[in-house]
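Encoded as structure tokens, the structure appears first; notes follow it.
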Amino acid sequence: MKQAVQCKVEGMTCGNCAMSIQKYLESEGASDVVANAATGTVSFVGSEEVELDILYQGIQKLGFKVIPPDQKTSSSSSATLKKYLIFAVLLWLPLMAHMFVSWPILHQAWFQCALSTPVLMLGFWHFGRSAWRSLKNGIPNMDVLVIIGASAAYFYSMAGWYMHPLNVHQYLFFETCSSIITLVLAGNFLEAYTVQSTSTAIQELMKYRKTKARILFTDSIGKESIQETDNDAVRLNDILIVNSGDMVAADGVMISGEASINEAMMSGESLPVLKKTGDTVIGGTIVMDGQFRMSVTAIGDSTAIAQIIELVNRAQAAKPPLQKLADRISAIFVPVVLGISMLTLFVSVWILDIEFQEGMMRSIAVLVIACPCAMGLATPAAVMVGLGRAARRGILVKGGDTLEKLVKVKQFVFDKTGTLTTGELEIDQFESTLPETQFRQVICSLESHSSHPIAKSILRQWTAEEKIDWKAVEEIKGIGLRASALDGSIWILGSYRILDKQPVDVKHDLWLTKNGVIMGWMDLKDSLRPDAKAVIAQLQKQGMKCILLSGDRQEKCDQIGKELGMDEVYGEQLPAQKLQKLEALEKNGPTLMVGDGINDAPALTKASVGVSLSDASQIAIQSAGIILLQNKLSLLLESIALGKHTYQTIRQNLFWAFAYNVVAIPVAFMGLLTPSWGAAIMGLSDVILISNSLKLRFKKI
């Protein structure tokens with residue numbers, strides 16, 4: 001059976017490393033492979049024929065260390081790099097000191113060799129294994145350039161020491177070898193350290209998963225006892241006692257009591273929310289005041305916070321077009337640089353008649369200054385920070401490509417009920433040939449099988465003491481509900497489309513029929529979301545086209561459309577018609593769809609970008625690319641602005657990554673840059689790109 005897998009991979013430091021892993025997994029039949037050098041994670045869907053252990057072993061043969069999902073890393077990559085860096089620096093500093101201090105021992109070839117050799121060995125240990133395996137896999141990575149450059153400087157020094165013992169100082173470049181290894185290690189360490197800053201959103205969410213719980217037990221004679229334990233021990237349907245100051249241990253429903261709960265971690269809303277019996281509570285939220293008992297409805301990976309963490313973790317599963325371009329260029333970059341390096345040596349020695357050691361230093365400088373890592377990190381670093389900021393603001397973005405698509409959207413399509421309106425419908429009036437009690441009983445029994453906002457609103461206002469036990473209930477998308485009673489009768493509740501013969505007055509919202517005979521009708525009234533008008537006005541101010549696309553009656557849609565100033569209004573649209581309309585709109589340009597119901601799911605999937613509110617039906621949430629957790633339409637504007645700023649940051653990063661190489665390689669070719677300076681600048685370039693991405697966390701949007 002196929003399964004989606006996400007694991008940590010140590011040693012994946014650049015875009016070429018990621019390409020090696022991706023190429024291997026795809027060759028083994030894995031699909032949806034995403035190797036992310038910025039986060040050090042690999043996600044894929046495993047083939048049925050290949051076991052995961054075999055795939056992990058294959059990745060490790062490429063020179064990387066796989067940390068399976070059920071294992072924890074022993075130490076962070078930055079901690080390991082820090083140890084390597086301290087060791088290298090302690091040996092590198094005396095080597096560099098010979099340029100400034102006249103102590104005789106510092107100028108001895110044997111002393112410089114003794115200090116340089118352990119650094120080179122460390123380089124072979126850290127960079128060499130990855131370099132060798134990347135060559136075997138056919139996609140040479142940045143480590144190849146580092147090892148070739150450092151080795152060339154070291155072995156040239158050894159040859160010069162052997163061949164010219166009396167004039168050895170002209171041929172010693174041991175400090176160049178150590179500089180390359182040490183400074184690239186420094187760059188990797190700074191990169192790993194700064195990358196950790198971009199994943200704080202996940203870390204902040206993870207802290208809400210672990211807490212204590214008080215489980216209520218009742219024995220056979222009704223005596224109650226409370227046991228305090230970790231929330232990992234909580235099971236479905238357990239009764240929990242939650243007091244003021246507690247963190248709610250799991251998702252559930254209040255069965256008694258009331259409390260003021262801070263749900264900022266879910267919604268971003270700073271004001272506490274008053275919850276009472278029957279309301280849902282979310283694991284990880286904080287009880288500010290009050291106490292209650294709750295029944296557990298979701299635990300572990302089924303909880304809301306766990307699903308959010310999974311969404312954010314997999315948010316980069318789809319690569320933006322700009323990232324795919326950078327990956328393709330990065331894959332051929334190392335062979336090109338090797339060619340330029342050899343050409344540099346040839347031109348310098350045999351055409352420009354420069355001394356061999358100078359020509360070799362130029363050649364080594366070209367190797368070291370080149371940086372495909374920067375191109376590989378340019379897009380994922382920016383996307384990761386953008387997604388992290390979005391998550392903290394209550395905006396869940398399911399894919400990195402969604403942020404890029406947002407920039408191109410010019411048309412905004414809105415559903416009406418529950419999207420532009422509050423969905424908090426009130427029963428305005430009703431009439432039935434049935435007794436009122438029976439009419440309410442039938443309505444409530446039917447609506448309890450629907451997750452549509454209309455059903456929720458009716459059930460919030462009406463309750464039936466006794467529900468009808470239906471033989472079967474099915475939802476007719478965009479129309480209503482159909483139920484078979486135990487006596488064989490067929491009851492249908494829905495819009496006027498359920499009527500075989502429409503009466504003269506078809507302006508009622510809901511009709512109830514039994515075996516095709518009208519048994520009653522109901523009118524509902526709705527109100528606009530407080531921020532709807534401002535959102536539409538702001539979008540139109542930015543030159544966007546705003547369209548209302550709803551399954552509700554045309555006259556109601558026209559009324560809402562006029563109140564909001566919509567550019568186009570389409571009412572009475574079935575799901576298939578919504579999909580057709582959206583396909584037509586897509587031909588005119590990228591389109592964003594905002595919806596919340598089951599009938600919106602096909603259109604949400606078809607749109608360039610689908611947006612759903614947090615209280616939407618589950619299928620709508622699954623179909624959308626963006627989920628607004630605070631259930632506020634105004635977050636749509638923030639999502640668009642964040643997408644534009646993220647896209648702008650990606651372009652800036654790619655520009656500097658390309659510009660860096662375009663400028664640096666010719667400078668090294670002309671001999672204006674030593675290998676040591678090249679190594680330092682190369683390492684710094686990655687840090688600059690990540691730092692530019694980190695600005696997104698604080699940038700005013």
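The chains in the structure tokens are called A, B, ... from first to last as shown; in each chain the residues are counted from 1, and the ligands are counted from 1 in the order shown.
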
Tell me, as a ChimeraX atom specification, which residues lie within 7 Å of segment 115-119 of chain A, counting only C-alpha atoms; anything in the same chain fewer than 5 positions away does not count. /A:88,91,174-175,178,181

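Using only C-alpha atoms, the shortest contact distance between Pro94 of chain A and any of A:Ile59, A:Ala537, A:Ala114, A:Val5 is found at A:Ala114.
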
Determine the nearest neighbour of Gly418 of chain A from the options A:Ala152, A:Leu613, A:Leu406, A:Met593, counting only C-alpha atoms. A:Leu613

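Our summary of the geometry notes that atom CA of Ile427 of chain A is positioned 8.4 Å from atom CA of Ser457 of chain A.
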
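What separates atom CA of Gly386 of chain A from atom CA of Ala657 of chain A is a distance of 19.2 Å.
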
Run DSSP on the backbone and grab whatever in segment 428-594 of chain A lands in helix (DSSP H, G or I); send it over as a PyMOL selection string. chain A and resi 436-447+453-461+496-498+532-541+554-564+575-586

Only C-alpha atoms, please: the residues just picked out, written as an mmCIF file, in the first residue's frame.
```
data_model
loop_
_atom_site.group_PDB
_atom_site.id
_atom_site.type_symbol
_atom_site.label_atom_id
_atom_site.label_comp_id
_atom_site.auth_asym_id
_atom_site.auth_seq_id
_atom_site.Cartn_x
_atom_site.Cartn_y
_atom_site.Cartn_z
ATOM 1 C CA GLU A 436 -45.372 22.535 14.391
ATOM 2 C CA THR A 437 -43.764 19.961 16.698
ATOM 3 C CA GLN A 438 -43.680 17.334 13.929
ATOM 4 C CA PHE A 439 -42.466 19.899 11.364
ATOM 5 C CA ARG A 440 -39.548 20.822 13.648
ATOM 6 C CA GLN A 441 -38.820 17.154 14.300
ATOM 7 C CA VAL A 442 -38.564 16.336 10.569
ATOM 8 C CA ILE A 443 -36.445 19.431 9.803
ATOM 9 C CA CYS A 444 -34.007 18.804 12.680
ATOM 10 C CA SER A 445 -33.713 15.096 11.945
ATOM 11 C CA LEU A 446 -32.827 15.825 8.312
ATOM 12 C CA GLU A 447 -30.460 18.760 8.940
ATOM 13 C CA PRO A 453 -23.995 26.399 7.284
ATOM 14 C CA ILE A 454 -27.785 26.521 6.723
ATOM 15 C CA ALA A 455 -28.174 23.211 8.554
ATOM 16 C CA LYS A 456 -25.971 24.396 11.410
ATOM 17 C CA SER A 457 -27.979 27.610 11.750
ATOM 18 C CA ILE A 458 -31.323 25.820 11.886
ATOM 19 C CA LEU A 459 -30.088 23.287 14.432
ATOM 20 C CA ARG A 460 -28.704 26.089 16.573
ATOM 21 C CA GLN A 461 -32.198 27.627 16.836
ATOM 22 C CA TYR A 496 -37.375 24.973 -4.933
ATOM 23 C CA ARG A 497 -35.505 22.612 -7.313
ATOM 24 C CA ILE A 498 -36.896 19.648 -5.322
ATOM 25 C CA ALA A 532 -16.970 41.862 3.342
ATOM 26 C CA LYS A 533 -17.638 45.320 1.937
ATOM 27 C CA ALA A 534 -14.161 46.633 2.795
ATOM 28 C CA VAL A 535 -12.478 43.553 1.281
ATOM 29 C CA ILE A 536 -14.360 43.844 -2.016
ATOM 30 C CA ALA A 537 -13.699 47.594 -2.184
ATOM 31 C CA GLN A 538 -9.963 47.100 -1.549
ATOM 32 C CA LEU A 539 -9.689 44.383 -4.205
ATOM 33 C CA GLN A 540 -11.447 46.558 -6.764
ATOM 34 C CA LYS A 541 -9.172 49.451 -5.824
ATOM 35 C CA GLN A 554 -30.869 34.943 -8.202
ATOM 36 C CA GLU A 555 -32.835 37.710 -6.465
ATOM 37 C CA LYS A 556 -30.949 37.152 -3.220
ATOM 38 C CA CYS A 557 -27.619 37.104 -5.045
ATOM 39 C CA ASP A 558 -28.527 40.301 -6.899
ATOM 40 C CA GLN A 559 -29.357 41.980 -3.604
ATOM 41 C CA ILE A 560 -26.013 41.002 -2.034
ATOM 42 C CA GLY A 561 -24.134 41.856 -5.245
ATOM 43 C CA LYS A 562 -25.656 45.318 -5.368
ATOM 44 C CA GLU A 563 -24.892 45.953 -1.697
ATOM 45 C CA LEU A 564 -21.243 44.989 -2.169
ATOM 46 C CA PRO A 575 -21.858 22.534 -8.552
ATOM 47 C CA ALA A 576 -21.375 21.481 -12.182
ATOM 48 C CA GLN A 577 -22.476 24.926 -13.373
ATOM 49 C CA LYS A 578 -20.096 26.605 -10.906
ATOM 50 C CA LEU A 579 -17.287 24.494 -12.319
ATOM 51 C CA GLN A 580 -18.205 25.408 -15.895
ATOM 52 C CA LYS A 581 -18.377 29.098 -15.032
ATOM 53 C CA LEU A 582 -15.000 28.934 -13.317
ATOM 54 C CA GLU A 583 -13.439 27.178 -16.317
ATOM 55 C CA ALA A 584 -14.743 29.998 -18.522
ATOM 56 C CA LEU A 585 -13.340 32.636 -16.175
ATOM 57 C CA GLU A 586 -9.952 30.858 -16.044
#
```

Residues near Val517 of chain A, anyone? I mean within 12 Å using only C-alpha atoms, not counting same-chain ones fewer than 2 positions away, as a PDB file with N, CA and C atoms, in the first residue's frame.
```pdb
ATOM      1  N   SER A 432     -46.489  25.175   7.572  1.00  0.00           N
ATOM      2  CA  SER A 432     -46.521  23.744   7.286  1.00  0.00           C
ATOM      3  C   SER A 432     -47.921  23.188   7.505  1.00  0.00           C
ATOM      4  N   THR A 433     -48.217  22.137   6.759  1.00  0.00           N
ATOM      5  CA  THR A 433     -49.486  21.432   6.970  1.00  0.00           C
ATOM      6  C   THR A 433     -49.361  20.443   8.129  1.00  0.00           C
ATOM      7  N   SER A 489     -41.711   5.980   3.139  1.00  0.00           N
ATOM      8  CA  SER A 489     -41.952   7.306   2.554  1.00  0.00           C
ATOM      9  C   SER A 489     -40.628   8.020   2.291  1.00  0.00           C
ATOM     10  N   ILE A 490     -40.653   8.922   1.293  1.00  0.00           N
ATOM     11  CA  ILE A 490     -39.464   9.673   0.893  1.00  0.00           C
ATOM     12  C   ILE A 490     -39.658  11.144   1.260  1.00  0.00           C
ATOM     13  N   TRP A 491     -38.770  11.654   2.090  1.00  0.00           N
ATOM     14  CA  TRP A 491     -38.810  13.056   2.499  1.00  0.00           C
ATOM     15  C   TRP A 491     -37.629  13.786   1.858  1.00  0.00           C
ATOM     16  N   ILE A 492     -37.909  14.980   1.324  1.00  0.00           N
ATOM     17  CA  ILE A 492     -36.848  15.793   0.721  1.00  0.00           C
ATOM     18  C   ILE A 492     -36.941  17.209   1.279  1.00  0.00           C
ATOM     19  N   LEU A 493     -35.790  17.728   1.714  1.00  0.00           N
ATOM     20  CA  LEU A 493     -35.707  19.108   2.199  1.00  0.00           C
ATOM     21  C   LEU A 493     -34.673  19.829   1.340  1.00  0.00           C
ATOM     22  N   ILE A 498     -36.390  20.974  -5.711  1.00  0.00           N
ATOM     23  CA  ILE A 498     -36.896  19.648  -5.322  1.00  0.00           C
ATOM     24  C   ILE A 498     -38.349  19.471  -5.742  1.00  0.00           C
ATOM     25  N   LEU A 499     -39.001  20.563  -6.126  1.00  0.00           N
ATOM     26  CA  LEU A 499     -40.430  20.501  -6.446  1.00  0.00           C
ATOM     27  C   LEU A 499     -40.635  19.988  -7.864  1.00  0.00           C
ATOM     28  N   ASP A 500     -41.554  19.031  -8.012  1.00  0.00           N
ATOM     29  CA  ASP A 500     -41.883  18.524  -9.343  1.00  0.00           C
ATOM     30  C   ASP A 500     -42.582  19.596 -10.163  1.00  0.00           C
ATOM     31  N   LYS A 501     -43.464  20.315  -9.488  1.00  0.00           N
ATOM     32  CA  LYS A 501     -44.199  21.394 -10.157  1.00  0.00           C
ATOM     33  C   LYS A 501     -44.079  22.631  -9.290  1.00  0.00           C
ATOM     34  N   GLN A 502     -43.453  23.655  -9.821  1.00  0.00           N
ATOM     35  CA  GLN A 502     -43.207  24.849  -9.033  1.00  0.00           C
ATOM     36  C   GLN A 502     -44.496  25.658  -8.860  1.00  0.00           C
ATOM     37  N   PRO A 503     -44.805  26.035  -7.632  1.00  0.00           N
ATOM     38  CA  PRO A 503     -45.959  26.912  -7.422  1.00  0.00           C
ATOM     39  C   PRO A 503     -45.652  28.318  -7.923  1.00  0.00           C
ATOM     40  N   TRP A 511     -37.977  24.101   1.093  1.00  0.00           N
ATOM     41  CA  TRP A 511     -39.248  23.400   0.949  1.00  0.00           C
ATOM     42  C   TRP A 511     -39.094  21.997   1.520  1.00  0.00           C
ATOM     43  N   LEU A 512     -40.176  21.485   2.105  1.00  0.00           N
ATOM     44  CA  LEU A 512     -40.201  20.124   2.628  1.00  0.00           C
ATOM     45  C   LEU A 512     -41.292  19.351   1.910  1.00  0.00           C
ATOM     46  N   THR A 513     -40.915  18.212   1.329  1.00  0.00           N
ATOM     47  CA  THR A 513     -41.912  17.393   0.631  1.00  0.00           C
ATOM     48  C   THR A 513     -41.892  15.970   1.174  1.00  0.00           C
ATOM     49  N   LYS A 514     -43.065  15.313   1.084  1.00  0.00           N
ATOM     50  CA  LYS A 514     -43.196  13.903   1.441  1.00  0.00           C
ATOM     51  C   LYS A 514     -43.819  13.184   0.257  1.00  0.00           C
ATOM     52  N   ASN A 515     -43.063  12.288  -0.332  1.00  0.00           N
ATOM     53  CA  ASN A 515     -43.518  11.567  -1.533  1.00  0.00           C
ATOM     54  C   ASN A 515     -43.953  12.546  -2.624  1.00  0.00           C
ATOM     55  N   MET A 519     -45.079  19.722   2.100  1.00  0.00           N
ATOM     56  CA  MET A 519     -45.518  19.650   3.485  1.00  0.00           C
ATOM     57  C   MET A 519     -45.244  20.954   4.245  1.00  0.00           C
ATOM     58  N   GLY A 520     -44.454  21.844   3.650  1.00  0.00           N
ATOM     59  CA  GLY A 520     -44.176  23.106   4.321  1.00  0.00           C
ATOM     60  C   GLY A 520     -43.008  23.829   3.686  1.00  0.00           C
ATOM     61  N   TRP A 521     -42.779  25.077   4.117  1.00  0.00           N
ATOM     62  CA  TRP A 521     -41.651  25.884   3.626  1.00  0.00           C
ATOM     63  C   TRP A 521     -41.080  26.714   4.768  1.00  0.00           C
TER      64      TRP A 521
END
```

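Rounded to one decimal, atom CA of Lys82 of chain A and atom CA of Pro335 of chain A lie 29.9 Å from each other.
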
Neighbour list for Leu345 of chain A as a ChimeraX atom specification, cut-off 6 Å, only C-alpha atoms, skip fewer than 2 positions in-chain: /A:342-343,347-348,359-360,363

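For Lys276 of chain A, the non-local neighbours within 10 Å, defined as residues at least 4 positions apart in the same chain or in other chains and counting only C-alpha atoms, are Val253, Met254, Ile255, Ser256, Gly257, Glu258, Ala259, Ser260, Thr280, Val281 and Phe292 of chain A.
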
Excluding Asp143 of chain A and residues on its chain fewer than 6 positions from it, collect all residues at most 9 Å away from it, counting only C-alpha atoms, and give them as a list in words. His126, Phe127, Gly128, Arg129, Ser130, Ala131, Trp132 and Ser134 of chain A

With N, CA and C atoms kept, could you save the residues just selected as an mmCIF file, in the first residue's frame?
```cif
data_model
loop_
_atom_site.group_PDB
_atom_site.id
_atom_site.type_symbol
_atom_site.label_atom_id
_atom_site.label_comp_id
_atom_site.auth_asym_id
_atom_site.auth_seq_id
_atom_site.Cartn_x
_atom_site.Cartn_y
_atom_site.Cartn_z
ATOM 1 N N HIS A 126 33.852 15.372 6.008
ATOM 2 C CA HIS A 126 32.591 16.119 5.965
ATOM 3 C C HIS A 126 32.085 16.338 4.537
ATOM 4 N N PHE A 127 33.003 16.739 3.627
ATOM 5 C CA PHE A 127 32.589 17.062 2.259
ATOM 6 C C PHE A 127 32.841 15.915 1.280
ATOM 7 N N GLY A 128 33.910 15.133 1.540
ATOM 8 C CA GLY A 128 34.348 14.156 0.555
ATOM 9 C C GLY A 128 33.362 13.043 0.284
ATOM 10 N N ARG A 129 32.756 12.509 1.347
ATOM 11 C CA ARG A 129 31.815 11.398 1.141
ATOM 12 C C ARG A 129 30.637 11.825 0.279
ATOM 13 N N SER A 130 30.104 12.992 0.588
ATOM 14 C CA SER A 130 28.985 13.509 -0.199
ATOM 15 C C SER A 130 29.418 13.792 -1.633
ATOM 16 N N ALA A 131 30.638 14.353 -1.797
ATOM 17 C CA ALA A 131 31.133 14.671 -3.140
ATOM 18 C C ALA A 131 31.277 13.406 -3.984
ATOM 19 N N TRP A 132 31.871 12.370 -3.387
ATOM 20 C CA TRP A 132 32.100 11.125 -4.126
ATOM 21 C C TRP A 132 30.783 10.472 -4.538
ATOM 22 N N SER A 134 27.883 11.884 -4.842
ATOM 23 C CA SER A 134 27.157 12.703 -5.825
ATOM 24 C C SER A 134 27.711 12.466 -7.225
#
```

Quick one: of A:Thr218, A:Lys212, A:Ser550, A:Gly339, who's nearest to Gly283 of chain A, counting only C-alpha atoms? A:Lys212

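The shortest atom-to-atom distance to Asn243 of chain A, with only C-alpha atoms taken into account, belongs to A:Ile286 out of A:Leu548, A:Ile286, A:Met12, A:Met384.
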
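Comparing A:Ala18, A:Ala464, A:Met361, A:Met544 by their smallest distance to Thr41 of chain A, the closest is A:Ala18 (using only C-alpha atoms).
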
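Counting only C-alpha atoms, segment 522-527 of chain A has the following residues at most 7 Å away, ignoring those fewer than 3 positions along the same chain: Thr421, Thr422, Gly423, Glu424, Leu425, Glu426, Ile427, Asp428, Gln429, Phe430, Glu431, His508, Asp509, Leu510 and Trp511 of chain A.
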
Can you write out the residues you just picked, keeping N, CA and C atoms, as a CSV table (one decimal), in the first residue's frame?
```csv
chain,number,residue,atom,x,y,z
A,421,THR,N,-21.4,36.2,3.4
A,421,THR,CA,-22.4,36.4,4.6
A,421,THR,C,-21.8,35.7,5.8
A,422,THR,N,-22.4,35.9,6.9
A,422,THR,CA,-21.9,35.3,8.2
A,422,THR,C,-22.2,33.8,8.2
A,423,GLY,N,-23.2,33.4,7.5
A,423,GLY,CA,-23.7,32.0,7.6
A,423,GLY,C,-24.5,31.8,8.9
A,424,GLU,N,-24.6,32.8,9.7
A,424,GLU,CA,-25.4,32.8,10.9
A,424,GLU,C,-26.8,33.1,10.6
A,425,LEU,N,-27.5,32.2,9.9
A,425,LEU,CA,-28.8,32.4,9.4
A,425,LEU,C,-29.9,32.3,10.5
A,426,GLU,N,-30.9,33.1,10.4
A,426,GLU,CA,-32.0,33.1,11.4
A,426,GLU,C,-33.2,32.7,10.7
A,427,ILE,N,-34.1,31.9,11.3
A,427,ILE,CA,-35.4,31.5,10.8
A,427,ILE,C,-36.3,32.7,10.8
A,428,ASP,N,-36.7,33.1,9.6
A,428,ASP,CA,-37.5,34.3,9.5
A,428,ASP,C,-39.0,34.0,9.7
A,429,GLN,N,-39.4,33.0,8.9
A,429,GLN,CA,-40.8,32.6,9.0
A,429,GLN,C,-41.0,31.2,8.4
A,430,PHE,N,-42.0,30.5,8.7
A,430,PHE,CA,-42.3,29.1,8.2
A,430,PHE,C,-43.8,28.8,8.2
A,431,GLU,N,-44.1,27.8,7.4
A,431,GLU,CA,-45.5,27.4,7.3
A,431,GLU,C,-45.5,25.9,7.0
A,508,HIS,N,-39.6,31.1,-1.5
A,508,HIS,CA,-39.2,30.6,-0.1
A,508,HIS,C,-37.9,29.9,-0.2
A,509,ASP,N,-37.1,29.9,0.9
A,509,ASP,CA,-35.8,29.4,0.9
A,509,ASP,C,-35.7,27.9,0.9
A,510,LEU,N,-36.5,27.2,1.8
A,510,LEU,CA,-36.5,25.8,1.9
A,510,LEU,C,-37.9,25.2,1.8
A,511,TRP,N,-38.0,24.1,1.1
A,511,TRP,CA,-39.2,23.4,0.9
A,511,TRP,C,-39.1,22.0,1.5
```
